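Read through the structure below, which is laid out as structure tokens, and then see the notes.
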Amino acid sequence: MTLSERTYQALLVVYPADHRRAYGEPMVQLFRDRMRRDGGGLQSLVVWVQVGFDLAASAFKERMEAIMAYENWTSRWWETSVVLLAVNSVVFGFLFANSENLGWGIAAGFVPGVLLLAGLGMRNSQRAGATIFLIVGSVASSIAWWVIYTVVLALVIVVGGFWRGKIGPNRTEPEIAVP
Amino acid sequence: MTTREPSALLPLPVAQLHILLALADGEKHGYAIMGEVEIMTDGDVTMGPGTLYGTVKRILDAGLVEETDERPDPELDDERRRYYRLTGFGARVLDAEIARMAQLARTAEAKRSVASRRLGLEGG
């Protein structure tokens with residue numbers, strides 16, 4: 001395997017693990033074929049630029065798809081919650097602690113945040129909307145409200161986690177009985 | 001067996017259409033698909049590995065193509081290569097997409113004629 005191929009193979013780490021496992025090998029094979037056909041000297045740089053753009057764009061797409069997948073949000077409850085709480089607390093809480101829009105911040109962030117974290121079987125678009133509202137709510141909060149908000153959010157995560165544990169993370173919609 | 005209507009998947013994203021067209025005349029591996037797409041587009045489109053296999057994943061999930069163990073010429077080929085071919089449902093979706101595009105082309109042509117006449121009149 002050439003240095004270029006090893007480098008490309010290493011760069012595949014930017015894709016989600018599932019995608020890498022399923023398609024990593026043929027992707028390296030295709031890169032190898034492409035290099036053999038078009039590479040050599042400066043042409044290798046041209047191939048690398050094209051492949052680099054392709055890698056960045058497609059990895060972003062695969063990552064976004066993986067993030068928005070229902071299973072990732074519901075079956076990995078604790079990891080998702082901890083990440084959301086950490087982002088909420090550290091980044092937005094401290095950066096935007098002096099905003100005056102307290103009420104809107106709490107309303108806009110808290111209610112959809114609860115829905116998001118409780119994982120009430122929302123569709124992807126609704127979940128994405130709730131995430132945005134969650135972030136907006138944090139942005140708009142003052143330091144005092146931010147403390148309350150974050151504590152309540154933490155409670156929601158804990159309670160929601162136990163609740164979900166009771167009913168199971170991978171619920172399916174009840175089937176409609178056909179008479 | 002897939003029971004969905006082909007029209008439910010239309011219009012196809014361009015990358016999916018390119019790959020389905022590349023597979024229309026028989027099974028191919030990734031590199032052959034890439035080459036076929038280049039030929040079809042007069043070299044305008046060279047699919048990178050990420051785009052190609054990301055798209056392959058989606059059309060596999062949608063049941064438009066399937067992986068096959070058959071090799072056109074096993075003696076000449078690397079057995080590690082993965083070959084893909086159209087499914088029956090994939091062929092029907094491709095047919096529907098081609099028909100949709102043909103209809104669109106007819107409409108565009110008619111509109112273009114009307115626009116030319118109108119602009120010709122306004123210009124004259």
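If you're wondering about the labels, chains in the structure tokens are A, B, ... by order shown, residues count from 1 in each chain, ligands from 1 in order shown.
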
When the cut-off is 9 Å and we count only C-alpha atoms, which residues of chain B are near chain A, given as a VMD selection string?
chain B and resid 30 to 31 34 46 to 54 57 80 to 82

DSSP on the backbone: what in region 26-65 of chain B comes out alpha helix (DSSP H), as a count of residues only?
24

Strand (DSSP E or B) residues, from DSSP on the backbone, in chain B, as a list in words:
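Filtering chain B to strand (DSSP E or B) leaves Lys28, His29, Val65, Glu66, Glu67, Thr68, Tyr83, Tyr84, Arg85 and Leu86 of chain B.
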
Save out the residues we just selected, C-alpha atoms, as a PDB file, in the first residue's frame.
ATOM      1  CA  LYS B  28     -20.350  -3.194 -12.250  1.00  0.00           C
ATOM      2  CA  HIS B  29     -17.894  -2.548  -9.430  1.00  0.00           C
ATOM      3  CA  VAL B  65     -29.562  -2.089  -6.388  1.00  0.00           C
ATOM      4  CA  GLU B  66     -28.121  -5.203  -4.817  1.00  0.00           C
ATOM      5  CA  GLU B  67     -24.687  -6.617  -4.337  1.00  0.00           C
ATOM      6  CA  THR B  68     -23.906  -9.642  -6.459  1.00  0.00           C
ATOM      7  CA  TYR B  83     -20.239  -5.744  -7.804  1.00  0.00           C
ATOM      8  CA  TYR B  84     -23.655  -4.104  -7.868  1.00  0.00           C
ATOM      9  CA  ARG B  85     -26.626  -4.575 -10.160  1.00  0.00           C
ATOM     10  CA  LEU B  86     -30.071  -3.100 -10.582  1.00  0.00           C
TER      11      LEU B  86
END

Contact residues around region 2-16 of chain B with only C-alpha atoms at 12 Å, ignoring same-chain residues under 3 positions, as a short mmCIF file (atom, residue, chain, number, x, y, z; two decimals) with N, CA and C atoms, in the first residue's frame:
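For reference, result_22.cif as written:
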data_model
loop_
_atom_site.label_atom_id
_atom_site.label_comp_id
_atom_site.auth_asym_id
_atom_site.auth_seq_id
_atom_site.Cartn_x
_atom_site.Cartn_y
_atom_site.Cartn_z
N ILE B 19 -25.66 6.63 -11.06
CA ILE B 19 -25.25 5.25 -10.75
C ILE B 19 -26.25 4.24 -11.32
N LEU B 20 -27.53 4.55 -11.23
CA LEU B 20 -28.52 3.63 -11.80
C LEU B 20 -28.34 3.50 -13.30
N LEU B 21 -28.06 4.63 -13.96
CA LEU B 21 -27.83 4.58 -15.40
C LEU B 21 -26.57 3.76 -15.72
N ALA B 22 -25.55 3.94 -14.88
CA ALA B 22 -24.31 3.19 -15.11
C ALA B 22 -24.54 1.68 -14.99
N LEU B 23 -25.50 1.31 -14.14
CA LEU B 23 -25.77 -0.12 -13.93
C LEU B 23 -26.84 -0.67 -14.86
N ILE B 33 -18.22 1.81 -12.27
CA ILE B 33 -19.33 2.78 -12.18
C ILE B 33 -18.79 4.19 -12.36
N MET B 34 -17.69 4.49 -11.67
CA MET B 34 -17.09 5.82 -11.78
C MET B 34 -16.73 6.13 -13.24
N VAL B 37 -19.85 6.72 -15.40
CA VAL B 37 -20.45 8.04 -15.15
C VAL B 37 -19.64 9.12 -15.88
N GLU B 38 -18.34 8.97 -15.88
CA GLU B 38 -17.50 9.93 -16.61
C GLU B 38 -17.81 9.91 -18.10
N THR B 41 -21.18 11.54 -18.87
CA THR B 41 -21.25 12.99 -18.67
C THR B 41 -20.14 13.71 -19.42
N VAL B 45 -18.38 14.79 -14.76
CA VAL B 45 -18.59 14.29 -13.41
C VAL B 45 -17.65 13.12 -13.13
N THR B 46 -16.78 13.31 -12.14
CA THR B 46 -15.96 12.21 -11.65
C THR B 46 -16.36 11.98 -10.19
N MET B 47 -17.00 10.88 -9.94
CA MET B 47 -17.47 10.62 -8.57
C MET B 47 -16.31 10.18 -7.70
N GLY B 48 -16.17 10.85 -6.56
CA GLY B 48 -15.15 10.44 -5.60
C GLY B 48 -15.63 9.23 -4.81
N GLY B 50 -16.13 8.85 -1.64
CA GLY B 50 -17.13 9.17 -0.61
C GLY B 50 -18.51 9.33 -1.20
N THR B 51 -18.61 10.08 -2.28
CA THR B 51 -19.91 10.29 -2.93
C THR B 51 -20.44 8.99 -3.50
N LEU B 52 -19.55 8.25 -4.15
CA LEU B 52 -20.00 7.03 -4.81
C LEU B 52 -20.54 6.01 -3.80
N TYR B 53 -19.77 5.75 -2.77
CA TYR B 53 -20.23 4.71 -1.83
C TYR B 53 -21.31 5.22 -0.87
N GLY B 54 -21.35 6.52 -0.62
CA GLY B 54 -22.47 7.08 0.14
C GLY B 54 -23.77 6.89 -0.64
N THR B 55 -23.69 7.13 -1.94
CA THR B 55 -24.87 6.97 -2.79
C THR B 55 -25.23 5.50 -2.93
N VAL B 56 -24.22 4.66 -3.10
CA VAL B 56 -24.48 3.21 -3.18
C VAL B 56 -25.20 2.73 -1.93
N LYS B 57 -24.76 3.23 -0.79
CA LYS B 57 -25.41 2.82 0.46
C LYS B 57 -26.90 3.18 0.44
N ARG B 58 -27.21 4.39 -0.03
CA ARG B 58 -28.61 4.84 -0.03
C ARG B 58 -29.46 4.03 -1.02
N ILE B 59 -28.91 3.74 -2.18
CA ILE B 59 -29.72 3.00 -3.14
C ILE B 59 -29.79 1.52 -2.78
N LEU B 60 -28.81 1.03 -2.05
CA LEU B 60 -28.92 -0.33 -1.49
C LEU B 60 -30.05 -0.37 -0.46
N ASP B 61 -30.04 0.62 0.43
CA ASP B 61 -31.07 0.68 1.47
C ASP B 61 -32.47 0.82 0.86
N ALA B 62 -32.54 1.54 -0.26
CA ALA B 62 -33.83 1.77 -0.91
C ALA B 62 -34.26 0.58 -1.77
N GLY B 63 -33.39 -0.41 -1.90
CA GLY B 63 -33.73 -1.59 -2.69
C GLY B 63 -33.62 -1.38 -4.19
N LEU B 64 -32.88 -0.35 -4.60
CA LEU B 64 -32.76 -0.07 -6.03
C LEU B 64 -31.65 -0.90 -6.68
N VAL B 65 -30.64 -1.23 -5.89
CA VAL B 65 -29.56 -2.09 -6.39
C VAL B 65 -29.28 -3.16 -5.34
N LEU B 86 -28.72 -3.61 -10.80
CA LEU B 86 -30.07 -3.10 -10.58
C LEU B 86 -30.98 -4.21 -10.10
N THR B 87 -31.91 -3.88 -9.21
CA THR B 87 -32.98 -4.82 -8.87
C THR B 87 -34.16 -4.53 -9.82
N GLY B 88 -35.16 -5.37 -9.76
CA GLY B 88 -36.36 -5.12 -10.56
C GLY B 88 -36.99 -3.80 -10.18
N PHE B 89 -37.04 -3.55 -8.89
CA PHE B 89 -37.62 -2.28 -8.43
C PHE B 89 -36.76 -1.10 -8.88
N GLY B 90 -35.44 -1.28 -8.83
CA GLY B 90 -34.54 -0.23 -9.29
C GLY B 90 -34.75 0.10 -10.75
N ALA B 91 -34.97 -0.96 -11.56
CA ALA B 91 -35.20 -0.75 -12.99
C ALA B 91 -36.51 0.01 -13.21
N ARG B 92 -37.52 -0.30 -12.41
CA ARG B 92 -38.80 0.41 -12.56
C ARG B 92 -38.67 1.87 -12.14
N VAL B 93 -37.90 2.10 -11.08
CA VAL B 93 -37.67 3.49 -10.64
C VAL B 93 -36.91 4.26 -11.72
N LEU B 94 -35.91 3.60 -12.31
CA LEU B 94 -35.14 4.26 -13.36
C LEU B 94 -36.03 4.58 -14.56
N ASP B 95 -36.88 3.64 -14.94
CA ASP B 95 -37.82 3.88 -16.04
C ASP B 95 -38.71 5.08 -15.74
N ALA B 96 -39.23 5.11 -14.53
CA ALA B 96 -40.13 6.20 -14.14
C ALA B 96 -39.40 7.54 -14.15
N GLU B 97 -38.15 7.53 -13.72
CA GLU B 97 -37.38 8.77 -13.69
C GLU B 97 -37.07 9.27 -15.11
N ILE B 98 -36.74 8.31 -15.99
CA ILE B 98 -36.46 8.68 -17.38
C ILE B 98 -37.73 9.25 -18.03
N ALA B 99 -38.86 8.62 -17.75
CA ALA B 99 -40.13 9.12 -18.31
C ALA B 99 -40.43 10.52 -17.77
N ARG B 100 -40.17 10.70 -16.48
CA ARG B 100 -40.41 12.02 -15.88
C ARG B 100 -39.52 13.09 -16.54
N MET B 101 -38.26 12.72 -16.76
CA MET B 101 -37.33 13.68 -17.36
C MET B 101 -37.70 13.96 -18.81
N LEU B 104 -40.48 16.31 -18.78
CA LEU B 104 -39.95 17.64 -18.42
C LEU B 104 -39.26 18.29 -19.61
#

Selected residue of minimal separation from Arg36 (chain A) among A:Val159, A:Ala154, A:Glu5, A:Arg20, counting only C-alpha atoms
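Checking each of A:Val159, A:Ala154, A:Glu5, A:Arg20 against Arg36 (chain A), counting only C-alpha atoms, the winner is A:Glu5.
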